[in-house]
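Worksheet for the structure shown next.
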Amino acid sequence: MIRYLLTLAAVAILSTVLTACDRSEPVGAAGESAVTTDPGAVAPEPLEPPPAAQPSVSPAAASVDARRLQQADKEPGNWMSHGRTYSEQRFSPLAQINDGNVASLGLAWSYDLETQRGIEATSIVVDGVMYTTSSWSIVHALDARTGEHLWTFDPEVAQEKLKHTCCGPVNRGVAVWKGQVFVGALDGRLFALDAASGKVNWQVATFDPALPYTITGAPRVVKGKVLIGNGGAEFGVRGYLSAYNVKDGGLAWRFYTVPGDPALGFENDAMKMAAATWNGEWWKLGGGGGTVWDSMAYDPKLDLLYFGVGNGTPWNQEIRSPGGGDNLFLSSIVAVRPDTGEYVWHYQTTPGESWDYTATQSIILADLKLAGTTRKVLMQAPKNGFFYVLDRQTGELISADNYINITWATHVDMATGRPVEVSGARYQDTPFTIFPSYLGGHNWHPMSFSPDTGLVYIPVLDIPAVYGQPETFRYNPGVANTGTDGISGGLPDDQAERDAIGALVKGRLLAWNPVAQKEAWRVEYRGPWNGGTLATAGNLVLQGTADGKFVAYRADSGEALWNFTTQTGVVAPPVTYEIDGEQYISVNVGWGGAFALVFGEYVQAESLPNVSRVLTFKLGGKAGLPPVEWQPAVVFNPPELKASPETIKQGLTTYQDVCMGCHGLNAVSGLIVPDLRGSAYLWDEKGWEDVVRGGLLKERGMASFADNISAVEAQAIRSYVIQQAWRGKALREQAGAGKDVPAG
Ligand code: CA
């Protein structure tokens, strides 16, 4: 009877967590569109409603065109594209708010985004209207002066699509062009919305939603084409970038980043060239990876479009391409012609990548004075820890140096342009402790560049990871296929050892001199996963932090000048704009993303909630925020542990492979997704099966894993989680009965 009551109590708690976890309204199926399973064969024809030959768009709203975008510096009051200009420097010439008066910056208005997952969007602001996104690819149009709501567009992505996300249903924003707003939905639909009303002008499936592709990145528009890539390289996909005509959504071109099965022929010469750098049968292991999930930039004078390419599927190159090879165009920066998608040049940051070292991080174009000559450069600080300066006309490597301490390579050989790897870094014989981790020295959080200071402001991650060879590898369609040892990816049982690892998990704001390739200044934070940065002509750098602050620094020295308590972790980058002579600075707040999901132990110790909002500031702003109620502690109520050590070990391995990405390392959740150690289903063998393999909670985002794990494996996971719940309970009691301490 007591057990029954406890179970009921736990069910109630679980329901609360689940409801609080996300939009409680189940949404309709998104997979209605009939597309083939080969993404290359997806028909370019837009889906319902059929395309209007002349979309009914308001010429007044979002009337951005090539001329305005190319002359964006002439109207600094607007923020018309993702990185403000095509060069994506995220530098604003506005200086009304500056290092002399930023102390009087205050909240002008806030807008609740009404989702509870990570908020990563860069807002677009055009002629007084802000277009931004929350999680689940929901678009909001707001009056940029007051925060007044104008319209909302919800693509109603089916929540079970979460199964295919590495990092939650996040979205990094929209693009605008000639009266239309473009958003890529998590399930692959690209929408063109009427900027005045939010109504759909056209939509097109950029991939089959049944495949483990996702869209989280912001589209860009160049020469009347909407450019959009996708994510999913952890799971097993073949990456590509697509260009659609803005008028009707017709597919203009598609550039694959990795070759397909050579027996089927190659799409172009670039794919033929790439195939010569691969071994084995990568196309049978999910497709090679190489997704274009975030960064792009454009140089109108050179007429070159640049984009960053992600990691391989699986991560482990020895499995993906036995015997090696560079595996083009993984972890590369690629330059193509925007009219046709024709390949022009590439630079590969991590040949034969084997660590999830994507080159999808911010791409910034600038003109730098190097050795007395002004060079047109492209800059990137990709995951692998090196800061690259390339000649953006040719792709020639100008310089590279590590911007954090790294253990996998000693330096980049300037003669070959290749990193010089450390022996053992490929973890073929023994596990290897590597800096940076799979999250990179820098992830998606945009960096910025100030032409005034000549510095690049990088949100740096400084985290180790251990990689090892798996005992066996089986390609498991639809779930993560990293090809690395799941156990070595987990944390030790001993808490003192865990705490020692936790102490290595760091983050900082780094001001980097790209000419000298050296640090100018740094600000150490309490931890990693802080927000993207904005630099302004007011000698300011602005950044939100994981521990809930929005901070202004002097751009030349790093001196902290002002901060605001955001009540939640901040990962999105700020933007700035001006209306009727008054400058505003705006940032979207709301904790989430990969680190927040995976590093639960660390996150629970910090325990900040997700509160998803747009916060907009101006000098003398007097608005405030309502108080937040937050109950971070997991309630432990595990049943007796009966399973054998072998079963529990099996459960750990499967958990780390399949469940960890959302529910957290070693079953400690980041509390954005339910912590399974507090789940009532630990008591209920059949209920657990119904959820894990039966899809009972699919409308709340927990899809069925029947295709991926057996019933025996599912119960082994349950046993492992029960063990971890007892561990958490014991630690809690050790720390002091009745005291509200962080779980874990
Ligand atoms: Ca990845």
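Please note that chains go A, B, ... in the order of the structure tokens, that every chain numbers its residues from 1, and that ligands are numbered from 1 in the order shown.
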Which chains and residue numbers are within 6 Å of ligand 1, counting only C-alpha atoms and all ligand atoms, if I want them as a list in words?
Ala233, Glu234, Asn311 and Asp356 of chain A
Could you pull out the alpha helix (DSSP H) residues of region 222-436 of chain A from DSSP and send them as a list in words?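 Matching residues for alpha helix (DSSP H) in region 222-436 of chain A are Asp269, Ala270, Met271, Lys272, Met273, Ala274, Ala275, Gln317, Glu318, Ile319 and Arg320 of chain A.
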Using only C-alpha atoms, find each residue in region 538-570 of chain A having at least one atom no more than 12 Å away from region 456-477 of chain A; report its shortest atom-to-atom pair and that distance in Å (one decimal), rows by chain then rising number, as CSV.
```
residue,atom,partner,partner_atom,distance
A:Leu540,CA,A:Tyr457,CA,10.8
A:Val541,CA,A:Tyr457,CA,7.8
A:Leu542,CA,A:Tyr457,CA,9.6
A:Gln543,CA,A:Pro459,CA,8.6
A:Gly544,CA,A:Pro459,CA,10.0
A:Thr545,CA,A:Pro459,CA,9.6
A:Ala546,CA,A:Pro459,CA,11.0
A:Tyr553,CA,A:Tyr457,CA,10.9
A:Arg554,CA,A:Tyr457,CA,11.5
A:Ala555,CA,A:Tyr457,CA,8.7
A:Asp556,CA,A:Tyr457,CA,10.6
A:Ser557,CA,A:Tyr457,CA,11.7
A:Gly558,CA,A:Tyr457,CA,10.1
A:Val570,CA,A:Pro459,CA,11.8
```
For the strand (DSSP E or B) assignment from backbone DSSP, which residues of region 531-682 of chain A qualify? Please present them as an mmCIF file with N, CA, C and O atoms, in the first residue's frame.
```cif
data_model
loop_
_atom_site.group_PDB
_atom_site.id
_atom_site.type_symbol
_atom_site.label_atom_id
_atom_site.label_comp_id
_atom_site.auth_asym_id
_atom_site.auth_seq_id
_atom_site.Cartn_x
_atom_site.Cartn_y
_atom_site.Cartn_z
ATOM 1 N N THR A 533 27.754 36.833 -28.837
ATOM 2 C CA THR A 533 28.200 38.188 -28.497
ATOM 3 C C THR A 533 27.782 39.211 -29.556
ATOM 4 O O THR A 533 27.528 38.874 -30.714
ATOM 5 N N LEU A 534 27.726 40.468 -29.119
ATOM 6 C CA LEU A 534 27.459 41.625 -29.975
ATOM 7 C C LEU A 534 28.524 42.668 -29.667
ATOM 8 O O LEU A 534 28.800 42.940 -28.500
ATOM 9 N N ALA A 535 29.135 43.230 -30.710
ATOM 10 C CA ALA A 535 30.086 44.326 -30.523
ATOM 11 C C ALA A 535 29.480 45.589 -31.123
ATOM 12 O O ALA A 535 28.782 45.519 -32.135
ATOM 13 N N THR A 536 29.736 46.749 -30.485
ATOM 14 C CA THR A 536 29.185 47.999 -31.010
ATOM 15 C C THR A 536 30.250 49.095 -31.066
ATOM 16 O O THR A 536 31.276 49.019 -30.398
ATOM 17 N N LEU A 540 31.502 48.730 -26.836
ATOM 18 C CA LEU A 540 30.842 47.751 -25.967
ATOM 19 C C LEU A 540 30.858 46.360 -26.595
ATOM 20 O O LEU A 540 30.804 46.227 -27.819
ATOM 21 N N VAL A 541 30.954 45.361 -25.725
ATOM 22 C CA VAL A 541 30.620 43.985 -26.084
ATOM 23 C C VAL A 541 29.550 43.547 -25.119
ATOM 24 O O VAL A 541 29.669 43.764 -23.901
ATOM 25 N N LEU A 542 28.476 42.950 -25.654
ATOM 26 C CA LEU A 542 27.381 42.495 -24.803
ATOM 27 C C LEU A 542 27.227 40.996 -24.929
ATOM 28 O O LEU A 542 27.349 40.429 -26.028
ATOM 29 N N GLN A 543 26.962 40.352 -23.786
ATOM 30 C CA GLN A 543 26.813 38.904 -23.774
ATOM 31 C C GLN A 543 25.949 38.491 -22.582
ATOM 32 O O GLN A 543 26.108 39.008 -21.471
ATOM 33 N N GLY A 544 25.055 37.532 -22.812
ATOM 34 C CA GLY A 544 24.324 36.902 -21.719
ATOM 35 C C GLY A 544 25.126 35.721 -21.201
ATOM 36 O O GLY A 544 25.994 35.192 -21.904
ATOM 37 N N LYS A 549 22.883 36.324 -16.285
ATOM 38 C CA LYS A 549 23.154 37.766 -16.346
ATOM 39 C C LYS A 549 23.234 38.199 -17.810
ATOM 40 O O LYS A 549 23.631 37.417 -18.681
ATOM 41 N N PHE A 550 22.909 39.445 -18.064
ATOM 42 C CA PHE A 550 23.188 40.061 -19.356
ATOM 43 C C PHE A 550 24.190 41.175 -19.047
ATOM 44 O O PHE A 550 23.915 42.054 -18.228
ATOM 45 N N VAL A 551 25.386 41.108 -19.666
ATOM 46 C CA VAL A 551 26.518 41.924 -19.227
ATOM 47 C C VAL A 551 27.036 42.786 -20.379
ATOM 48 O O VAL A 551 27.086 42.338 -21.528
ATOM 49 N N ALA A 552 27.428 44.020 -20.044
ATOM 50 C CA ALA A 552 28.114 44.897 -20.998
ATOM 51 C C ALA A 552 29.562 45.081 -20.553
ATOM 52 O O ALA A 552 29.824 45.360 -19.376
ATOM 53 N N TYR A 553 30.486 44.878 -21.481
ATOM 54 C CA TYR A 553 31.915 45.056 -21.218
ATOM 55 C C TYR A 553 32.460 46.159 -22.114
ATOM 56 O O TYR A 553 31.943 46.396 -23.215
ATOM 57 N N ARG A 554 33.557 46.770 -21.668
ATOM 58 C CA ARG A 554 34.323 47.629 -22.577
ATOM 59 C C ARG A 554 34.962 46.748 -23.631
ATOM 60 O O ARG A 554 35.643 45.768 -23.310
ATOM 61 N N ALA A 560 34.014 45.042 -16.989
ATOM 62 C CA ALA A 560 32.558 44.896 -16.880
ATOM 63 C C ALA A 560 31.956 46.224 -16.440
ATOM 64 O O ALA A 560 32.398 46.827 -15.459
ATOM 65 N N LEU A 561 30.951 46.701 -17.191
ATOM 66 C CA LEU A 561 30.396 48.032 -16.945
ATOM 67 C C LEU A 561 28.972 47.991 -16.401
ATOM 68 O O LEU A 561 28.519 48.930 -15.745
ATOM 69 N N TRP A 562 28.256 46.923 -16.687
ATOM 70 C CA TRP A 562 26.812 46.889 -16.350
ATOM 71 C C TRP A 562 26.330 45.461 -16.460
ATOM 72 O O TRP A 562 26.872 44.690 -17.251
ATOM 73 N N ASN A 563 25.342 45.087 -15.623
ATOM 74 C CA ASN A 563 24.680 43.798 -15.868
ATOM 75 C C ASN A 563 23.246 43.818 -15.387
ATOM 76 O O ASN A 563 22.845 44.680 -14.591
ATOM 77 N N PHE A 564 22.480 42.883 -15.899
ATOM 78 C CA PHE A 564 21.054 42.767 -15.597
ATOM 79 C C PHE A 564 20.764 41.301 -15.293
ATOM 80 O O PHE A 564 21.247 40.409 -16.001
ATOM 81 N N THR A 565 19.979 41.040 -14.246
ATOM 82 C CA THR A 565 19.647 39.667 -13.870
ATOM 83 C C THR A 565 18.505 39.152 -14.742
ATOM 84 O O THR A 565 17.400 39.706 -14.710
ATOM 85 N N VAL A 575 21.124 41.722 -30.218
ATOM 86 C CA VAL A 575 21.147 42.578 -31.406
ATOM 87 C C VAL A 575 20.891 44.010 -30.933
ATOM 88 O O VAL A 575 20.463 44.224 -29.795
ATOM 89 N N THR A 576 21.147 44.980 -31.795
ATOM 90 C CA THR A 576 20.827 46.364 -31.443
ATOM 91 C C THR A 576 20.239 47.074 -32.651
ATOM 92 O O THR A 576 20.528 46.705 -33.803
ATOM 93 N N TYR A 577 19.378 48.067 -32.380
ATOM 94 C CA TYR A 577 18.702 48.794 -33.452
ATOM 95 C C TYR A 577 18.299 50.160 -32.923
ATOM 96 O O TYR A 577 18.458 50.446 -31.726
ATOM 97 N N GLU A 578 17.775 50.986 -33.809
ATOM 98 C CA GLU A 578 17.407 52.343 -33.418
ATOM 99 C C GLU A 578 16.054 52.687 -34.034
ATOM 100 O O GLU A 578 15.816 52.395 -35.208
ATOM 101 N N ILE A 579 15.178 53.306 -33.219
ATOM 102 C CA ILE A 579 13.881 53.759 -33.728
ATOM 103 C C ILE A 579 13.680 55.201 -33.269
ATOM 104 O O ILE A 579 13.779 55.489 -32.062
ATOM 105 N N GLU A 582 16.291 56.619 -30.951
ATOM 106 C CA GLU A 582 16.591 55.963 -29.675
ATOM 107 C C GLU A 582 17.137 54.558 -29.926
ATOM 108 O O GLU A 582 16.514 53.759 -30.643
ATOM 109 N N GLN A 583 18.305 54.262 -29.331
ATOM 110 C CA GLN A 583 18.928 52.948 -29.546
ATOM 111 C C GLN A 583 18.399 51.922 -28.543
ATOM 112 O O GLN A 583 18.222 52.223 -27.355
ATOM 113 N N TYR A 584 18.152 50.729 -29.031
ATOM 114 C CA TYR A 584 17.710 49.609 -28.192
ATOM 115 C C TYR A 584 18.721 48.465 -28.325
ATOM 116 O O TYR A 584 19.345 48.298 -29.377
ATOM 117 N N ILE A 585 18.840 47.680 -27.249
ATOM 118 C CA ILE A 585 19.623 46.441 -27.295
ATOM 119 C C ILE A 585 18.689 45.334 -26.829
ATOM 120 O O ILE A 585 18.024 45.462 -25.798
ATOM 121 N N SER A 586 18.621 44.260 -27.613
ATOM 122 C CA SER A 586 17.644 43.207 -27.316
ATOM 123 C C SER A 586 18.327 41.853 -27.308
ATOM 124 O O SER A 586 19.210 41.580 -28.130
ATOM 125 N N VAL A 587 17.918 40.991 -26.383
ATOM 126 C CA VAL A 587 18.480 39.641 -26.326
ATOM 127 C C VAL A 587 17.359 38.677 -25.939
ATOM 128 O O VAL A 587 16.499 39.002 -25.126
ATOM 129 N N ASN A 588 17.369 37.515 -26.577
ATOM 130 C CA ASN A 588 16.423 36.469 -26.206
ATOM 131 C C ASN A 588 17.057 35.620 -25.110
ATOM 132 O O ASN A 588 18.220 35.230 -25.217
ATOM 133 N N VAL A 589 16.292 35.345 -24.076
ATOM 134 C CA VAL A 589 16.828 34.547 -22.973
ATOM 135 C C VAL A 589 16.028 33.257 -22.844
ATOM 136 O O VAL A 589 14.880 33.181 -23.271
ATOM 137 N N ARG A 613 12.116 34.421 -22.940
ATOM 138 C CA ARG A 613 11.607 35.784 -23.145
ATOM 139 C C ARG A 613 12.484 36.556 -24.109
ATOM 140 O O ARG A 613 13.658 36.248 -24.278
ATOM 141 N N VAL A 614 11.915 37.599 -24.686
ATOM 142 C CA VAL A 614 12.694 38.646 -25.340
ATOM 143 C C VAL A 614 12.856 39.766 -24.313
ATOM 144 O O VAL A 614 11.864 40.228 -23.747
ATOM 145 N N LEU A 615 14.099 40.174 -24.081
ATOM 146 C CA LEU A 615 14.350 41.308 -23.183
ATOM 147 C C LEU A 615 14.967 42.433 -24.010
ATOM 148 O O LEU A 615 15.983 42.223 -24.679
ATOM 149 N N THR A 616 14.341 43.619 -23.965
ATOM 150 C CA THR A 616 14.835 44.740 -24.761
ATOM 151 C C THR A 616 15.131 45.927 -23.845
ATOM 152 O O THR A 616 14.308 46.291 -23.004
ATOM 153 N N PHE A 617 16.303 46.514 -24.040
ATOM 154 C CA PHE A 617 16.828 47.540 -23.131
ATOM 155 C C PHE A 617 17.018 48.869 -23.862
ATOM 156 O O PHE A 617 17.233 48.905 -25.074
ATOM 157 N N LYS A 618 16.940 49.948 -23.070
ATOM 158 C CA LYS A 618 17.310 51.282 -23.578
ATOM 159 C C LYS A 618 17.840 52.096 -22.403
ATOM 160 O O LYS A 618 17.650 51.713 -21.229
ATOM 161 N N LEU A 619 18.480 53.190 -22.703
ATOM 162 C CA LEU A 619 18.986 54.048 -21.632
ATOM 163 C C LEU A 619 17.807 54.548 -20.816
ATOM 164 O O LEU A 619 16.811 55.029 -21.372
ATOM 165 N N ALA A 623 11.500 49.107 -16.812
ATOM 166 C CA ALA A 623 10.619 47.943 -16.666
ATOM 167 C C ALA A 623 11.283 46.884 -15.789
ATOM 168 O O ALA A 623 12.501 46.866 -15.616
#
```
Exercise. In Å, rounded to a single decimal, give me how far CA of Gly593 (chain A) is from CA of Ser135 (chain A).
Key: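 Calculated distance between CA of Ser135 (chain A) and CA of Gly593 (chain A) is 10.2 Å.
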TODO: Compile the contact shell of region 492-498 of chain A as an MDAnalysis selection string: residues with an atom at most 12 Å away, counting only C-alpha atoms, same-chain residues fewer than 2 positions apart removed.
DONE: chainID A and resid 466 487:490 500:505 599 601:602 652 665:666 723:724 727:728 730:731 734 744
Nearest to Ile717 (chain A), restricted to only C-alpha atoms and choosing among A:Ala735, A:Val673, A:Gly664, A:Gln656, comes out as A:Gln656
Show me, as a ChimeraX atom specification, the residues that have an atom within 10 Å of region 422-424 of chain A when counting only C-alpha atoms, minus same-chain residues fewer than 3 positions from it.
/A:407-411,419,427-433
* Which residues come within 6 Å of region 642-648 of chain A, counting only C-alpha atoms, excluding same-chain residues fewer than 4 positions away, as a ChimeraX atom specification? -> /A:716,719-720
Since we have the selection now, will you write its residues out, keeping all heavy atoms, as a compact mmCIF listing (two decimals), in the first residue's frame?
```txt
# COMPACT_ATOMS: atom_id res chain seq x y z
N ALA A 716 16.79 -3.12 -19.13
CA ALA A 716 18.13 -2.93 -18.58
C ALA A 716 18.38 -1.45 -18.30
O ALA A 716 18.99 -1.09 -17.28
CB ALA A 716 19.18 -3.48 -19.56
N SER A 719 16.70 -0.63 -15.11
CA SER A 719 17.50 -1.07 -13.95
C SER A 719 18.65 -0.11 -13.68
O SER A 719 18.93 0.23 -12.52
CB SER A 719 18.06 -2.48 -14.21
OG SER A 719 17.00 -3.39 -14.38
N TYR A 720 19.29 0.34 -14.75
CA TYR A 720 20.40 1.29 -14.57
C TYR A 720 19.89 2.59 -13.93
O TYR A 720 20.51 3.15 -13.02
CB TYR A 720 21.08 1.58 -15.91
CG TYR A 720 22.05 2.73 -15.81
CD1 TYR A 720 23.20 2.63 -15.03
CD2 TYR A 720 21.79 3.95 -16.45
CE1 TYR A 720 24.07 3.70 -14.89
CE2 TYR A 720 22.66 5.01 -16.32
CZ TYR A 720 23.80 4.88 -15.54
OH TYR A 720 24.65 5.95 -15.40
```
Margin query: Using only C-alpha atoms, which protein or nucleic acid residues come within 9 Å of Leu328 (chain A)? Drop anything in the same chain fewer than 3 positions from it, and give the result as a list in words.
Written below: Thr257, Val258, Pro259, Met271, Met273, Ala274, Ala275, Ala276, Thr277, Trp278, Gly290, Gly325, Ser331, Ser332, Gln348, Pro351 and Gly352 of chain A
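Rounded to one decimal, CA of Ala359 (chain A) and CA of Pro209 (chain A) lie 24.7 Å from each other.
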What does the structure give for the distance between CA of Leu455 (chain A) and CA of Gln517 (chain A), in Å to one decimal?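 Those two atoms sit 10.1 Å apart.
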Of A:Gln89, A:Thr654, A:Asn384, A:Ser104, the one nearest to Gly486 (chain A) when counting only C-alpha atoms is A:Thr654
Please provide as a PyMOL selection string all residues within 8 Å of Gly478 (chain A), with the sequence filter that same-chain residues fewer than 4 positions apart are discarded (counting only C-alpha atoms). chain A and resi 163-164+211-212+235-236+708
